[in-house]
Structure formats: structure tokens, C-alpha cells
Protein chains: 2
Amino acid sequence: MKHRLLSICIATALAGNHALAQGVVEDFKTTPTTQQGKQYPQVNSEGRVRVSVLAPQAKMVQIDIGAKKYDLVKDTAGVWTGESAPQDVGFHYYQLNVDGASVPDPTSLYFYGASRWGSGIEIPAQDSAFFALKNVPHGQLNEQFYFSKASNSVRRAYIYTPPGYNKDVNKKYPVLYLQHGMGENETGWGNQGHAGWIMDNLIAEGKAAPFIIVMENSSINFGPGGPRGMRPPAPPPAGNTAQPAAGAAPRSAGGPPAGMNFAAEFQKVLFGDLIPYIESNFRVMADPAHRAMAGLSMGGMQTRSIVIDSPEKFAYVGMFSSGTFTPTEITNLDAFKKQGKLVFMSFGSREGGAARIPEAAEAWNKIGIKGVSYVSPETAHEWHTWRRSLYQFAPLIFKN
Amino acid sequence: MKHRLLSICIATALAGNHALAQGVVEDFKTTPTTQQGKQYPQVNSEGRVRVSVLAPQAKMVQIDIGAKKYDLVKDTAGVWTGESAPQDVGFHYYQLNVDGASVPDPTSLYFYGASRWGSGIEIPAQDSAFFALKNVPHGQLNEQFYFSKASNSVRRAYIYTPPGYNKDVNKKYPVLYLQHGMGENETGWGNQGHAGWIMDNLIAEGKAAPFIIVMENSSINFGPGGPRGMRPPAPPPAGNTAQPAAGAAPRSAGGPPAGMNFAAEFQKVLFGDLIPYIESNFRVMADPAHRAMAGLSMGGMQTRSIVIDSPEKFAYVGMFSSGTFTPTEITNLDAFKKQGKLVFMSFGSREGGAARIPEAAEAWNKIGIKGVSYVSPETAHEWHTWRRSLYQFAPLIFKN
């Protein structure tokens, strides 16, 4: 406390150009999601996000984050600066509002979420090391286009191949199919999820077996949606995309889970085109015992739906912030038991579902398939929960 | 002319929601750089760019493209819409201006140029097919991190491997080292350059030999600068980045070419770390006869500088919008003659340098090394010039 007060005093003495909000700790620094060479956005030790933008003729400028808007303050040069309330550690989508226009922060990096490319901010966590870029052997994140008969289009997948994949050309690898959440796409796990760095670090420490990860787009009307996306324009998706959202609500009240509607469509692509493409173009162990599927939010619900439909095709199942999954949901349970080894369920501690997963995991243990539940401390329905979930899940799969 | 007038009349009758600028052809459509599911930005057959943004409280909103700003018009719902003058075909950086704030267009895709991530727009060209996403066998664009002793950091390269690279694991490939321009980075050739699709299409048509392309960052203070970039913040680069620029001026008056200052730094990374990494981690033909280097603008000047310094290391040289290169610039010309096969120089027809390259090419022909010059019709110092240059250059290299 004394230290924190001292920090405030020193920073107040040093700061010159803008009004300081009362009680804000003045230890702001740029963050990994700040564009290279830019001074903002910054984050302080409380998790506040400070942004700064030149807008001399504007009447009001705000930062819009965590479903709240915070006013910035204009200086004599026309530069607006200000900060949000403290945010949870990890990754959050956000935007600026300039006289009513919701726009990306011009000095942040951009990520795909809430059905659009926009600003994202990283609030450094105590446990940032597990997904940090380190001097270890690195795998590759491959952008791969391939033709899908099911969608009658050329589609994009991102494929993580582990360190050594290009060198030891006789080795074959197991495969994890890993899905994003609603409003996100095939870039999410690589960009904001840092799946590649999580795996590089786990493999370097001998904590996980090297395996391939395949990341595709399981939203309706999908197609390559990134900077290299080159597809006919689609109609606007249902639902307002004006507000940034962290993933999507896991279940809509009263109806079936939203992700369930997409699962049947994606399943056609997955079984008809994607898995065959991967198994004939990459050096993979092409049997169900060496195949896993996992996803976050909608992607986890799709995973459950696909495994319920085709229990004979997967040995490992991961559902991150996607509800529960129990043996009674699979009609032909014997088909899953043949090669099924693990059902993993996770939630952030600030999500409602966290309390229900230990019991669901125990139901799997009772029938002889390993059930694991994991709760991410002090995180909500956001990417830090899902990064931690992958970090917990990856060491448990393909150990034989 | 009659047809165009008719188009205007029909469009005027159909359009409802915003004032139409006089003489603007109303055949606007979304473009490949419009975000998936969004209605704007659009481009018409004249090459005008129309944007639209909700900004109810704003006093003035503009589109800022090609170093000019164009006013948008507000409708009763607070939506500002309007268009630029006709632009050249191909790719251009742009931004919006909302009451003095220069911000990305919230519904465009984002690209790295002018030392920042921001909006880009594709003006469809008659010759768009050569870089289009087609149903042909596709190579991969690999994001690869590796440690560089020269820069004492983990760096990012993008590596294009041709179709079949993963299947025919006994085959070795030649390598092209391909550099971006000033204010751009290692993502440029893959994103706005579409280098992967250009190569996929050339290879599918049997017009180019399959080869590997390595794309790194040759700007000062460089490091992984993209969405996955995770490096300590660097000071702002010299030069104002407030205005979007297409690459950079090829030569600053009076002084040495700007790119020359960076070439020595990048050369250490290239020869000390990057080439050794590629040659020990990918299946490449690791001799100078199967090594090419090329670049656009600053990247082409770096190419020249590096080849002048180490003429024994490359067989093929490409300079796109980078000035001229003649045999007299190499002191040890015999070292280059040993394996040197091609010097290729190009410019857009709207660039000053176009007139000087045929003579420089002829100087190479005279000493027994093939010299080729190419002028891109009706383009300036922009990506469409460089896409076309790669399309011309690629079939000429590694033919033996």
C-alpha cells in the first residue's frame, strides 16, 4: 500500500500532459497488443487500459471496453487521453467512440471477434509465461487453403505443426481439431489464443507430446475471413455486431444452444473435407485413437454435438466454457468407449457453469473414461480462460 | 458513354438513403478487402471508394486516400456516407477522419503499411485473376519464429512452401528471399501482395517452377510486428506516420537511399541467422545457384546493396520500384558471373524510374547475364505494381 501510494506520487510528479484520474496508479506501460513503435494503448498494474487519440474537433471521445464506456479528457493540443476501470487479466476486445462513431483504436493490434476485426488489449497476468514467445524450438502456424465439396468453396485452415515436423520426415503425429467461439474465426486460437506459443513452450518443457492442431471456421456463412480472405460478400450475420462481445453467450434462454445450429454444417466440412485433407496432406496418425476435438464456447458445444453424433471418431474431447457433457448424452456409448480416453471440461471462475463440471467429470470417471474439470481463477468468458484451458488440456492428450 | 449515363439514371432512381455525388456511377460493390458480412467499403467501376460509418454527433467525417481527403455526407440517422475520386486499380492504404481523429475504417480489413496497422482497399483490376484464390493445389504460408543472434531476439518470418512440399518429402527446393518496402513488414507480401496465391496459380499453370519464398522484416528496430508480435516496445520510427503512404519514396534527394541504412543491419540477420535457419530446417537446395533475392522499393534497394556486397551468394536478383542496378556497381563482377543468371528491374508506368530500366537491363545482357525490365501499366508506387512484378519475375527464375 505504501509502495502503491509512492508510485502514484512519483508518477504524478513526472506526468505532464494530461489530467490524472484520482486513485489511478501511474505505472502504465505499453502491452503486447500495442502496435510496434506506438505509445498507446497502455495498461497499469491495476489492469486499467489507457488510450490516447488525436481528435481536435471532437466533442466526446470514449474507450468502450467490458460493456462500459469511459470518457477521455482532451488536452490543449486536441489529444484525448483516459482510462478504463480495472479489467480482468488476459485478452479483451475493445473500441473507441469518437462523437458517436465506434472505431478501432488506431494504435492497437487487431483481432477477429464479435464478428468483426477490431481492437484487442492484453492485460498482463501473473501466469503470462506459459503463452509467451520464448527462445525455444518453434513449430509453425500454417495458413492452408483447400477445396471443400461440402461448402463448394476454397476454405482456409490454420494448422500448427510442432517443432521438428519439417526435419524428421518419417514421423507421424496425432491431431487435435480446435474450434473458436461465436463471432470468431479460424484466426482466433493463433492470434489472441497464442495456441502455437502455448504448445511450443509445453513441448520444450517435455510437458506435452508433440501433435498437430487444426483450426477451421465453424460459423455459418463462413469462409476465409482474414486479411487474406477473398470470398464473395455474405449478408450481415444475424445479431447486432455493434458492441464488442467476449465470445458469445453459451446458451440462449429457452432455445437450443446457438452453436448446435452450426454444428451440423461444420460436421459436413469436418468429416467430408477437412479431416480427409489433413490426413492425406500431413503426416498424421489417421486413426480415432490419435484424434482429439476441442473448442471454446460455441466451439465446445459443436465438439460435444459432433462427438455425440460420431462417438467412434475421437479419443479425446475438450469443452472450454461450453457447459457440461455426460456419458448419458451418447446413445452408442460403447462406440466411444472403444478408443475414448478423456473428456475435459473447463470454465472461468466468473462463469456460472464452473460449479457443474466436477460432477460431470466424475460421471466419466465412473464408466472408465478419464473425466477432468478445470476452473480458471478469476477469469470470465474470455480468452485467458481458454488459453489456460488449452494449457491444462494439451498435456493430458496423446500420452501413449 | 450512353451506357454510363443510363447506369447513373437507373442508380439514381434506385438509390434512396444518401445524396449522390454528381457524375458518380452507381455500381458500387463490396470488395475483397471489405470485412466479411459488412456492407462497406465499396468500390465502383470508376475506382471510387465509398465508405459509410455511423457517427451521429460528429461535425465532419472524411475518407483520406491517395493523400487527399473527401467529405462524407450525413443522413438523418447519423450515418455518414461518401466516396473518393477514382483510384488506380490495385491496393491502397486509407483511413477515415472523424472530427480530426484519423482512425481505421471499422468495416475494412487491416494491413501493415506506413508503419502501422490500418485500412486497405482493393480496387478490382482487369488482371485480378493472376492473384485470385482459385481451386488449384495450394502451398502454405507458414508463420515461423526463430532465434537470431544478430538481433538477439526471437524473430518472425513468413515462409511460403509450394503445393506438394509436405507430400514429396524427398524433394528439395530453391529459395527466393523476398522483401517488403519501408513502413511495411514481413506480413506485406502474404497479405496485400498475395504472393502465395500468385505462386499457387503460376505453378498450377506450369508457368513457374515450385520454389520456397522467405519473407522477413528488414526495417530498423524490427521484430515480430503483427497480431502475434510479442516484443518489447520500440521508440516511434523516425518520420511522421500520420499520413498513409504507399511504400516510401525510393530515394531521398541528396543523401543515400533510405533503404541502404537498413541493408547492413538486415544483412547480418540474413546471412548470420535466417539463411542458415532456412537451410537447416527446410528442404532447400542450399547453393547460390538456387538462391534468389528480390524486394520492392526499400526492399529492392536492400537487395541491390546485399548483392553488391556478396555477389557470390545469389543467382537471381529482382528490384521492384527500386531504381536501377548495373554491372559496374559490383566490384567483384566475376564472383557474380559464376552463378548469376538474371537481374530483373521493374516500375509502375506512373513512377519516374520506368524510363531508365531498359538500358540498365541491356547492360546485363551485354555481359552475358540476362537483364529484364518490366513496366506495370497505369500503376504507381503501390502493391499492384509489385504483384505484377512478382508474376513476371517468378517464371524467369529457377528454370534449370
# chains A, B, ... in the order shown; residues from 1 in each chain; ligands from 1
$ residues_around --residues "region 185-202 of chain A" --least-positions-apart "3" --cutoff "8 Å" --atoms "only C-alpha atoms" --output "count of residues only"
47
$ select_by_dssp --residues "region 256-346 of chain A" --states "helix (DSSP H, G or I)" --output "number ranges by chain"
A: 258-281, 288-290, 298-309, 311-313, 327-329, 333-339
$ residues_around --residues "Asn365 (chain B)" --least-positions-apart "3" --cutoff "12 Å" --atoms "only C-alpha atoms" --output "list of chain:residue names"
B:Thr326, B:Pro327, B:Lys337, B:Gly340, B:Lys341, B:Leu342, B:Val343, B:Phe344, B:Pro358, B:Glu359, B:Ala360, B:Ala361, B:Glu362, B:Gly368, B:Ile369, B:Lys370, B:Gly371, B:Val372, B:Ser373
$ select_by_dssp --residues "region 103-313 of chain A" --states "strand (DSSP E or B)" --output "ChimeraX atom specification"
/A:103,108,110-113,116-123,140-148,153-161,173,175-179,212-215,284,291-296
$ closest_residue --among "A:Ala315, A:Leu54, A:Ala129, A:Val24" --to "Val103 (chain B)" --atoms "only C-alpha atoms"
A:Leu54
